[in-house]
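Engineer: Encoded as structure tokens, here's the structure I'll be asking about.
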Amino acid sequence: MNLVEALLQALEERGAGEIFGIPGDFALPFFRIVEESGRLPLFTLSHEPAVGFAADAAARLRGTLGVAAVTYGAGAFNLVNAVAGAYAEKSPVVVISGAPGTREGRSGLLLHHQGKTLDTQYRVFAEITCAQARLDDAASAPAEIARVLDAAAAQSRPVYLEIPRDMVGVEIGSVPPPRRPPCDAEAVAACADAIMARLASATQPVLMVDVEVRRFGLEARVAELARRLAVPVVTSFMGRGLLAGADAPLAGTYLGVAGDPALADLVEGSDALVLLGVILCDTNFGVSAGRLDLRRTVQALDGQVAMGFHVWPGIPLPELVDALLQRARPLGATRGPAMRPAAPRGLVADEAPIGPMDIARGINDLFDRHGPMPIAADTGDCLFTAMDIEHTDLVAPGYYAGMGFGVPAGIGAQLATGRRTLILVGDGAFQMTGWELGNCRRLGIDPLVIVFNNRSWEMLRAFQPQSRFNDLDDWRFAEAAAALGGSGRRVATRRELAEALEEAAAARGGFRLVEAMIPRGVVSATLERFVEGVQRLQGPR
Ligand SMILES: Cc1ncc(Cc2c([C@H](C)O)sc(CCOP(=O)(O)OP(=O)(O)O)c2C)c(N)n1
Ligand SMILES: [Mg+2]
């Protein structure tokens, strides 16, 4: 088997379902073998940031490896921002970059696509991945591939493989099968006993779930754990969409001062808050009213558990959840579902202008009629509006907060899951990567896209109203849809919005774009509370 065939087999054994990519001369031989082998479908897009976002979304939704393949230099450096976001949000994207051949690298000439030195790219990706390898030696290649891919799976972080173009056809031995790092069962048991004791002695135990629960495929087990313990479970902002459809005492999404006050009291007043796979970041906790003392919580993240001032190393989340399940017994009154306010419904189809909450109501009504759809949301008020949409699978840059994610992630999501995806994107973010919709016809997918067009970088204006640079022009996106192979409708009233959503949902084949015109300055209540909370907690500037 040649090096690429062995790599493809190893990727497939570890759950990869496709490769997103854009070739270049340093990667043409790699892409040729991928296409000829047919082992993993190859989906090309138009700009490398989209390749990274699509691979990231595929990894998140399927809970396995996503794969982004690019050419050296110009292609790979275009991917850096998406991979940095995947690292920050613990998404296991495998970056595969073509590279100059081992001999041509010694020619003494500066090579095209070379940034600084021939090692610069490797060093850049070493900063935003958890493992790396340059596959320039046939003897070590199988073990190197296994080491890097197993690190991606175990740590749920991106990894980097660089393949000199003269190595792709070299025969190598088979790659060792997937292997999880060993862990000390006694340590896991002792840790689980300590957590159970903490929960049993508490008056208001609460579980909070976030990205690692999805990344390690633990949603069903965590839902079962919450049921057996009979304690409420909440998601963090980043964890929104987790446990959607699961039978769990889900109380809602914690948003601190920007969210439901009763839910904030439940979390901030808990004397045993167990954070399962929760990233301790500002968007998850930045708007806490300061009442949340993280030193009193139990934090299980990145393969260790912190409880008060104790740290238990080598405690992988899957093994911990299983140990807790073995010990779980009813602990308290479940205050979950009774607390979760129903998502707002009943879009009023009148001649009033459209606000973000109208879009949330329209989508919830649509889900009631046609069933829920997975959502890919971009950064901007569309993501805050998603907090008012019924719990469903949601991929979004909730912590890294990079724009441009939404459309490519929605494309990756539908290709990875086969389910039609709802994409929520602002006009500013659409200007960045929305044009990737032009690939939907060739890829055979038909996402439903809602553009929140307020002709503005409105989230920035919410923080700094005096700045005129937040004003954007009106790009009339719906009119461009047909040129890109889809169809679009621009709507300015709630009646038109209701009609357009129903038309788009009922029509299949080709992407459908609903351009919702929102008056400048009109934002979701969640974004308003988030901005007010951040400014209050940060104090006067
Ligand atoms: C790649 C990139 N560039 C810049 C930013 C900064 C930024 C925001 C975050 C705070 O950093 S929110 C925002 C405006 C978003 O505009 P739009 O997509 O139209 O959505 P909305 O009008 O709903 O705000 C920008 C420019 C970013 N997050 N990501
Ligand atoms: Mg906008």
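Letters A, B, ... mark the chains of the structure tokens in the order given; residue numbers begin at 1 per chain; ligand numbers begin at 1, in order shown.
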What parts of stretch 443-531 of chain A does DSSP call strand (DSSP E)? I'd like the answer as an MDAnalysis selection string.
Structural biologist: chainID A and resid 448:453 487:491 512:517
Engineer: Report as a PDB file with N, CA, C and O atoms, in the first residue's frame all protein, DNA and RNA residues lying within 9 Å of stretch 100-102 of chain A, evaluated on only C-alpha atoms, omitting residues in the same chain fewer than 4 positions from it.
Structural biologist:
```pdb
ATOM      1  N   PHE A  26       1.841  21.304  -5.183  1.00  0.00           N
ATOM      2  CA  PHE A  26       2.533  20.474  -4.176  1.00  0.00           C
ATOM      3  C   PHE A  26       1.601  19.391  -3.620  1.00  0.00           C
ATOM      4  O   PHE A  26       2.033  18.501  -2.890  1.00  0.00           O
ATOM      5  N   ALA A  27       0.298  19.469  -3.929  1.00  0.00           N
ATOM      6  CA  ALA A  27      -0.652  18.491  -3.390  1.00  0.00           C
ATOM      7  C   ALA A  27      -1.336  17.703  -4.500  1.00  0.00           C
ATOM      8  O   ALA A  27      -2.111  16.779  -4.218  1.00  0.00           O
ATOM      9  N   TYR A  72       0.752  23.470  -0.185  1.00  0.00           N
ATOM     10  CA  TYR A  72       1.745  24.091   0.701  1.00  0.00           C
ATOM     11  C   TYR A  72       1.695  25.613   0.607  1.00  0.00           C
ATOM     12  O   TYR A  72       1.345  26.157  -0.444  1.00  0.00           O
ATOM     13  N   ARG A 106      16.194  20.596  -1.385  1.00  0.00           N
ATOM     14  CA  ARG A 106      17.646  20.772  -1.233  1.00  0.00           C
ATOM     15  C   ARG A 106      18.267  21.416  -2.470  1.00  0.00           C
ATOM     16  O   ARG A 106      19.465  21.455  -2.643  1.00  0.00           O
ATOM     17  N   LEU A 111      11.641  28.283  -3.160  1.00  0.00           N
ATOM     18  CA  LEU A 111      10.534  27.623  -3.863  1.00  0.00           C
ATOM     19  C   LEU A 111       9.271  28.486  -3.787  1.00  0.00           C
ATOM     20  O   LEU A 111       9.031  29.162  -2.767  1.00  0.00           O
ATOM     21  N   LEU A 118      11.539  26.718   4.628  1.00  0.00           N
ATOM     22  CA  LEU A 118      10.707  25.557   4.306  1.00  0.00           C
ATOM     23  C   LEU A 118      10.099  24.929   5.562  1.00  0.00           C
ATOM     24  O   LEU A 118       9.175  24.142   5.482  1.00  0.00           O
ATOM     25  N   ASP A 136       8.345  12.119   5.697  1.00  0.00           N
ATOM     26  CA  ASP A 136       9.426  12.094   4.682  1.00  0.00           C
ATOM     27  C   ASP A 136      10.286  10.841   4.806  1.00  0.00           C
ATOM     28  O   ASP A 136      11.350  10.754   4.213  1.00  0.00           O
ATOM     29  N   ILE A 163       3.104  16.248   3.805  1.00  0.00           N
ATOM     30  CA  ILE A 163       3.508  15.139   2.931  1.00  0.00           C
ATOM     31  C   ILE A 163       4.292  15.681   1.741  1.00  0.00           C
ATOM     32  O   ILE A 163       3.713  16.283   0.825  1.00  0.00           O
ATOM     33  N   PRO A 164       5.625  15.491   1.711  1.00  0.00           N
ATOM     34  CA  PRO A 164       6.394  15.905   0.525  1.00  0.00           C
ATOM     35  C   PRO A 164       5.833  15.203  -0.712  1.00  0.00           C
ATOM     36  O   PRO A 164       5.501  14.013  -0.658  1.00  0.00           O
ATOM     37  N   ARG A 165       5.722  15.929  -1.798  1.00  0.00           N
ATOM     38  CA  ARG A 165       4.976  15.363  -2.925  1.00  0.00           C
ATOM     39  C   ARG A 165       5.666  14.146  -3.541  1.00  0.00           C
ATOM     40  O   ARG A 165       5.013  13.351  -4.211  1.00  0.00           O
ATOM     41  N   ASP A 166       6.948  13.959  -3.295  1.00  0.00           N
ATOM     42  CA  ASP A 166       7.599  12.759  -3.857  1.00  0.00           C
ATOM     43  C   ASP A 166       7.482  11.558  -2.919  1.00  0.00           C
ATOM     44  O   ASP A 166       8.075  10.511  -3.159  1.00  0.00           O
ATOM     45  N   MET A 167       6.681  11.694  -1.832  1.00  0.00           N
ATOM     46  CA  MET A 167       6.511  10.563  -0.915  1.00  0.00           C
ATOM     47  C   MET A 167       5.160   9.861  -1.101  1.00  0.00           C
ATOM     48  O   MET A 167       4.947   8.774  -0.577  1.00  0.00           O
TER      49      MET A 167
END
```
Engineer: Which residues come within 8 Å of A:Glu219, counting only C-alpha atoms, excluding same-chain residues fewer than 3 positions away, as a ChimeraX atom specification?
Structural biologist: /A:213-214,222-223,242-243,246
Engineer: Filtering to C-alpha atoms, could you give me those residues as a PDB file, in the first residue's frame?
Structural biologist:
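Result file follows (selection-v3.pdb):
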```pdb
ATOM      1  CA  VAL A 213     -19.415  15.763  25.803  1.00  0.00           C
ATOM      2  CA  ARG A 214     -20.139  16.026  22.079  1.00  0.00           C
ATOM      3  CA  VAL A 222     -24.462  12.018  30.194  1.00  0.00           C
ATOM      4  CA  ALA A 223     -28.227  12.224  29.700  1.00  0.00           C
ATOM      5  CA  LEU A 242     -26.131  19.358  23.361  1.00  0.00           C
ATOM      6  CA  LEU A 243     -28.640  16.775  24.645  1.00  0.00           C
ATOM      7  CA  ALA A 246     -32.129  13.363  24.687  1.00  0.00           C
TER       8      ALA A 246
END
```
Engineer: Please extract the residues at most 6 Å from ligand 1, counting only C-alpha atoms and all ligand atoms, and provide them as a PyMOL selection string, using the chain letters and residue numbers of this document.
Structural biologist: chain A and resi 380-382+401-403+426-429+454+456-460
Engineer: Would you output that residue set with N, CA and C atoms, as a tab-separated table (two decimals), in the first residue's frame?
Structural biologist:
```tsv
chain	number	residue	atom	x	y	z
A	380	GLY	N	-22.10	36.72	15.40
A	380	GLY	CA	-22.97	37.87	15.16
A	380	GLY	C	-24.29	37.67	15.90
A	381	ASP	N	-25.26	38.54	15.69
A	381	ASP	CA	-26.51	38.43	16.43
A	381	ASP	C	-27.27	37.16	16.04
A	382	CYS	N	-26.97	36.61	14.89
A	382	CYS	CA	-27.65	35.34	14.51
A	382	CYS	C	-27.35	34.25	15.54
A	401	ALA	N	-15.29	32.70	18.21
A	401	ALA	CA	-16.04	33.86	17.69
A	401	ALA	C	-15.45	34.39	16.38
A	402	GLY	N	-14.99	33.48	15.52
A	402	GLY	CA	-14.48	33.92	14.22
A	402	GLY	C	-15.61	33.96	13.21
A	403	MET	N	-15.68	35.04	12.45
A	403	MET	CA	-16.72	35.15	11.41
A	403	MET	C	-16.35	34.31	10.20
A	426	GLY	N	-24.95	36.53	9.42
A	426	GLY	CA	-25.16	37.97	9.26
A	426	GLY	C	-24.62	38.45	7.91
A	427	ASP	N	-24.98	39.68	7.54
A	427	ASP	CA	-24.52	40.16	6.23
A	427	ASP	C	-23.00	40.33	6.21
A	428	GLY	N	-22.42	40.77	7.32
A	428	GLY	CA	-20.96	40.94	7.35
A	428	GLY	C	-20.25	39.62	7.17
A	429	ALA	N	-20.69	38.59	7.86
A	429	ALA	CA	-20.06	37.27	7.74
A	429	ALA	C	-20.32	36.68	6.37
A	454	ASN	N	-28.74	43.43	8.32
A	454	ASN	CA	-28.99	44.75	8.95
A	454	ASN	C	-28.06	45.80	8.38
A	456	SER	N	-24.94	46.07	8.44
A	456	SER	CA	-24.15	46.58	9.56
A	456	SER	C	-23.33	45.50	10.22
A	457	TRP	N	-22.21	45.88	10.82
A	457	TRP	CA	-21.52	45.05	11.80
A	457	TRP	C	-22.20	45.36	13.14
A	458	GLU	N	-23.42	44.89	13.27
A	458	GLU	CA	-24.29	45.35	14.35
A	458	GLU	C	-23.79	44.93	15.72
A	459	MET	N	-23.16	43.78	15.82
A	459	MET	CA	-22.65	43.35	17.14
A	459	MET	C	-21.58	44.33	17.62
A	460	LEU	N	-20.79	44.84	16.69
A	460	LEU	CA	-19.78	45.83	17.10
A	460	LEU	C	-20.46	47.15	17.46
```
Engineer: Can you tell me, as a list of chain:residue names, what residues are no more than 10 Å from A:Arg461 when counting only C-alpha atoms, ignoring any on the same chain fewer than 6 positions away?
Structural biologist: A:Ser467, A:Arg468, A:Phe469, A:Asn470, A:Asp471, A:Arg520, A:Gly521
Engineer: I need the residues of stretch 315-452 of chain A that end up classed as helix (DSSP H, G or I) by DSSP on the backbone, written out as a PyMOL selection string.
Structural biologist: chain A and resi 317-327+336-339+356-370+381-388+406-417+427-443
Engineer: Find the residues around A:Pro182 up to 12 Å (only C-alpha atoms counted), leave out those fewer than 6 positions away in its own chain, and share them as a list in words.
Structural biologist: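 Non-adjacent residues within range: Ala154, Val188, Gly303, Gly314, Ile315, Pro316 and Glu319 of chain A.
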Engineer: Pull all heavy atoms from the residues just selected and write them as an mmCIF file, in the first residue's frame.
Structural biologist:
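Here's the written file result08.cif:
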```cif
data_model
loop_
_atom_site.group_PDB
_atom_site.id
_atom_site.type_symbol
_atom_site.label_atom_id
_atom_site.label_comp_id
_atom_site.auth_asym_id
_atom_site.auth_seq_id
_atom_site.Cartn_x
_atom_site.Cartn_y
_atom_site.Cartn_z
ATOM 1 N N ALA A 154 -7.752 11.388 20.893
ATOM 2 C CA ALA A 154 -7.694 11.364 22.358
ATOM 3 C C ALA A 154 -7.865 12.756 22.951
ATOM 4 O O ALA A 154 -8.496 12.941 23.983
ATOM 5 C CB ALA A 154 -6.366 10.765 22.816
ATOM 6 N N VAL A 188 -9.383 6.607 38.316
ATOM 7 C CA VAL A 188 -10.711 7.019 37.848
ATOM 8 C C VAL A 188 -11.767 6.679 38.904
ATOM 9 O O VAL A 188 -12.631 7.501 39.229
ATOM 10 C CB VAL A 188 -11.043 6.324 36.504
ATOM 11 C CG1 VAL A 188 -12.486 6.600 36.108
ATOM 12 C CG2 VAL A 188 -10.093 6.797 35.411
ATOM 13 N N GLY A 303 -8.737 15.839 29.970
ATOM 14 C CA GLY A 303 -8.164 14.617 30.546
ATOM 15 C C GLY A 303 -7.770 14.727 31.993
ATOM 16 O O GLY A 303 -7.017 13.892 32.504
ATOM 17 N N GLY A 314 -4.821 12.475 34.382
ATOM 18 C CA GLY A 314 -5.060 11.175 33.742
ATOM 19 C C GLY A 314 -6.453 10.633 33.963
ATOM 20 O O GLY A 314 -6.640 9.445 34.172
ATOM 21 N N ILE A 315 -7.458 11.500 33.890
ATOM 22 C CA ILE A 315 -8.858 11.053 34.065
ATOM 23 C C ILE A 315 -9.628 11.431 32.795
ATOM 24 O O ILE A 315 -10.277 12.493 32.733
ATOM 25 C CB ILE A 315 -9.525 11.725 35.283
ATOM 26 C CG1 ILE A 315 -8.662 11.605 36.530
ATOM 27 C CG2 ILE A 315 -10.919 11.116 35.512
ATOM 28 C CD1 ILE A 315 -8.594 10.218 37.124
ATOM 29 N N PRO A 316 -9.578 10.603 31.752
ATOM 30 C CA PRO A 316 -10.304 10.941 30.510
ATOM 31 C C PRO A 316 -11.804 11.013 30.769
ATOM 32 O O PRO A 316 -12.344 10.222 31.560
ATOM 33 C CB PRO A 316 -9.960 9.782 29.569
ATOM 34 C CG PRO A 316 -8.776 9.110 30.173
ATOM 35 C CD PRO A 316 -8.879 9.323 31.654
ATOM 36 N N GLU A 319 -14.064 7.706 30.413
ATOM 37 C CA GLU A 319 -13.912 6.763 31.530
ATOM 38 C C GLU A 319 -14.536 7.320 32.810
ATOM 39 O O GLU A 319 -15.151 6.584 33.602
ATOM 40 C CB GLU A 319 -12.430 6.455 31.758
ATOM 41 C CG GLU A 319 -11.811 5.459 30.767
ATOM 42 C CD GLU A 319 -11.456 6.110 29.433
ATOM 43 O OE1 GLU A 319 -11.751 7.308 29.241
ATOM 44 O OE2 GLU A 319 -10.895 5.398 28.566
#
```
Engineer: From the set A:Ala516, A:Ala50, A:Ala69, A:Ala202, which residue has the shortest atom-to-atom contact distance to ligand 2, counting only C-alpha atoms and all ligand atoms?
Structural biologist: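 That would be A:Ala516, the residue with the smallest distance to ligand 2.
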Engineer: Quick one: of A:Lys90, A:Gln414, A:Thr283, A:Pro372, who's nearest to A:Leu301, counting only C-alpha atoms?
Structural biologist: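 Closest candidate: A:Lys90.
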Engineer: Neighbours of stretch 122-132 of chain A within 10 Å (only C-alpha atoms; same-chain residues fewer than 6 positions away dropped), as a PyMOL selection string?
Structural biologist: chain A and resi 76-77+79-88+92-95+97+144-145+147-152+155-162
Engineer: Output N, CA and C atoms for every residue in that selection, as a short mmCIF file (atom, residue, chain, number, x, y, z; two decimals), in the first residue's frame.
Structural biologist:
```
data_model
loop_
_atom_site.label_atom_id
_atom_site.label_comp_id
_atom_site.auth_asym_id
_atom_site.auth_seq_id
_atom_site.Cartn_x
_atom_site.Cartn_y
_atom_site.Cartn_z
N ALA A 76 -2.13 26.41 2.73
CA ALA A 76 -2.09 26.08 4.16
C ALA A 76 -2.19 27.33 5.03
N PHE A 77 -1.52 28.40 4.66
CA PHE A 77 -1.60 29.60 5.51
C PHE A 77 -3.00 30.20 5.48
N LEU A 79 -5.51 28.53 5.84
CA LEU A 79 -6.28 27.63 6.71
C LEU A 79 -6.07 27.96 8.19
N VAL A 80 -5.06 28.77 8.49
CA VAL A 80 -4.61 28.94 9.87
C VAL A 80 -5.74 29.41 10.79
N ASN A 81 -6.51 30.38 10.39
CA ASN A 81 -7.54 30.93 11.29
C ASN A 81 -8.58 29.86 11.63
N ALA A 82 -9.00 29.09 10.63
CA ALA A 82 -10.00 28.04 10.90
C ALA A 82 -9.44 26.97 11.83
N VAL A 83 -8.16 26.64 11.67
CA VAL A 83 -7.56 25.62 12.53
C VAL A 83 -7.36 26.16 13.94
N ALA A 84 -7.01 27.43 14.05
CA ALA A 84 -6.89 28.04 15.39
C ALA A 84 -8.24 27.98 16.11
N GLY A 85 -9.31 28.24 15.36
CA GLY A 85 -10.65 28.15 15.96
C GLY A 85 -11.00 26.73 16.35
N ALA A 86 -10.59 25.77 15.52
CA ALA A 86 -10.84 24.36 15.85
C ALA A 86 -10.05 23.97 17.10
N TYR A 87 -8.83 24.50 17.21
CA TYR A 87 -8.04 24.18 18.42
C TYR A 87 -8.73 24.75 19.66
N ALA A 88 -9.12 26.01 19.55
CA ALA A 88 -9.74 26.68 20.70
C ALA A 88 -11.00 25.95 21.14
N PRO A 92 -11.45 18.05 16.38
CA PRO A 92 -10.32 17.27 15.87
C PRO A 92 -10.22 17.27 14.35
N VAL A 93 -9.68 18.37 13.82
CA VAL A 93 -9.50 18.50 12.38
C VAL A 93 -8.10 18.01 12.01
N VAL A 94 -8.01 17.10 11.05
CA VAL A 94 -6.71 16.62 10.57
C VAL A 94 -6.31 17.47 9.37
N VAL A 95 -5.25 18.26 9.53
CA VAL A 95 -4.76 19.09 8.43
C VAL A 95 -3.72 18.29 7.65
N SER A 97 -1.19 18.73 4.50
CA SER A 97 -0.66 19.69 3.53
C SER A 97 0.35 19.03 2.61
N GLU A 144 4.19 7.19 12.69
CA GLU A 144 3.95 8.63 12.81
C GLU A 144 2.48 8.96 12.51
N ILE A 145 1.93 8.33 11.50
CA ILE A 145 0.52 8.57 11.17
C ILE A 145 -0.36 8.15 12.35
N ARG A 147 0.47 7.84 15.52
CA ARG A 147 0.69 8.73 16.68
C ARG A 147 -0.13 10.01 16.53
N VAL A 148 -0.08 10.61 15.37
CA VAL A 148 -0.74 11.91 15.17
C VAL A 148 -2.26 11.76 15.15
N LEU A 149 -2.76 10.78 14.44
CA LEU A 149 -4.23 10.62 14.36
C LEU A 149 -4.80 10.21 15.72
N ASP A 150 -4.07 9.37 16.47
CA ASP A 150 -4.59 8.97 17.79
C ASP A 150 -4.57 10.14 18.76
N ALA A 151 -3.62 11.07 18.57
CA ALA A 151 -3.60 12.26 19.43
C ALA A 151 -4.83 13.13 19.15
N ALA A 152 -5.19 13.25 17.88
CA ALA A 152 -6.39 14.05 17.53
C ALA A 152 -7.61 13.47 18.21
N GLN A 155 -7.29 13.78 22.28
CA GLN A 155 -7.34 15.13 22.85
C GLN A 155 -8.44 15.99 22.22
N SER A 156 -9.05 15.46 21.14
CA SER A 156 -10.07 16.23 20.41
C SER A 156 -9.54 17.62 20.06
N ARG A 157 -8.39 17.60 19.40
CA ARG A 157 -7.76 18.85 18.94
C ARG A 157 -7.25 18.62 17.51
N PRO A 158 -7.02 19.68 16.75
CA PRO A 158 -6.47 19.52 15.40
C PRO A 158 -5.05 18.96 15.42
N VAL A 159 -4.67 18.31 14.33
CA VAL A 159 -3.31 17.80 14.16
C VAL A 159 -2.85 18.16 12.74
N TYR A 160 -1.51 18.00 12.50
CA TYR A 160 -0.95 18.46 11.22
C TYR A 160 -0.06 17.39 10.61
N LEU A 161 -0.31 17.03 9.35
CA LEU A 161 0.54 16.09 8.61
C LEU A 161 1.02 16.78 7.34
N GLU A 162 2.34 16.77 7.16
CA GLU A 162 2.94 17.39 5.97
C GLU A 162 3.51 16.28 5.09
#
```
Engineer: If we count only C-alpha atoms and set the cut-off at 8 Å, which residues sit around A:Gly75, ignoring sequence neighbours fewer than 4 positions away in its own chain? Please answer as a short mmCIF file (atom, residue, chain, number, x, y, z; two decimals) with N, CA and C atoms, in the first residue's frame.
Structural biologist:
```cif
data_model
loop_
_atom_site.label_atom_id
_atom_site.label_comp_id
_atom_site.auth_asym_id
_atom_site.auth_seq_id
_atom_site.Cartn_x
_atom_site.Cartn_y
_atom_site.Cartn_z
N ILE A 22 -8.64 21.90 -1.20
CA ILE A 22 -8.32 22.64 -2.42
C ILE A 22 -6.89 22.25 -2.80
N GLY A 24 -3.21 21.99 -5.05
CA GLY A 24 -2.20 22.88 -5.60
C GLY A 24 -1.07 21.99 -6.09
N GLU A 48 -9.68 28.34 1.16
CA GLU A 48 -9.26 27.43 2.23
C GLU A 48 -9.89 27.70 3.60
N VAL A 70 -4.83 20.58 1.83
CA VAL A 70 -4.48 21.82 1.12
C VAL A 70 -3.08 21.71 0.51
N THR A 71 -2.77 22.68 -0.33
CA THR A 71 -1.42 22.75 -0.86
C THR A 71 -0.53 23.53 0.10
N LEU A 79 -5.51 28.53 5.84
CA LEU A 79 -6.28 27.63 6.71
C LEU A 79 -6.07 27.96 8.19
#
```
Engineer: Looking at A:Ala500, A:Leu383, A:Gly533, A:Gly398, which one is nearest to ligand 2, with distances taken over only C-alpha atoms and all ligand atoms?
Structural biologist: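 Smallest distance to ligand 2 is found for A:Leu383.
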Engineer: Taking into account only C-alpha atoms and all ligand atoms, which residue in the set A:Asn439, A:Thr493, A:Asn2, A:Asn453 is nearest to ligand 2?
Structural biologist: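 Of the candidates, the smallest distance to ligand 2 is held by A:Asn453.
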Engineer: Here is a test: counting only C-alpha atoms and all ligand atoms, which residue of A:Val425, A:Leu448, A:Ala504, A:Leu263 is nearest to ligand 2?
Structural biologist: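 Among the listed residues, A:Val425 lies closest to ligand 2.
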Engineer: I'd like the interatomic distance between atom CA of A:Gly510 and atom CA of A:Ala352, to a tenth of an Å.
Structural biologist: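 Pair atom CA of A:Gly510 / atom CA of A:Ala352 returns 29.6 Å.
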Engineer: Considering only C-alpha atoms, can you say which of A:Pro356, A:Glu479, A:Ile363, A:Ala74 comes closest to A:Val523?
Structural biologist: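 That would be A:Pro356, the residue with the smallest distance to A:Val523.
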Engineer: At what distance in Å, to one decimal, does atom CA of A:Arg198 lie from atom CA of A:Leu273?
Structural biologist: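 Atom CA of A:Arg198 lies at a distance of 9.6 Å from atom CA of A:Leu273.
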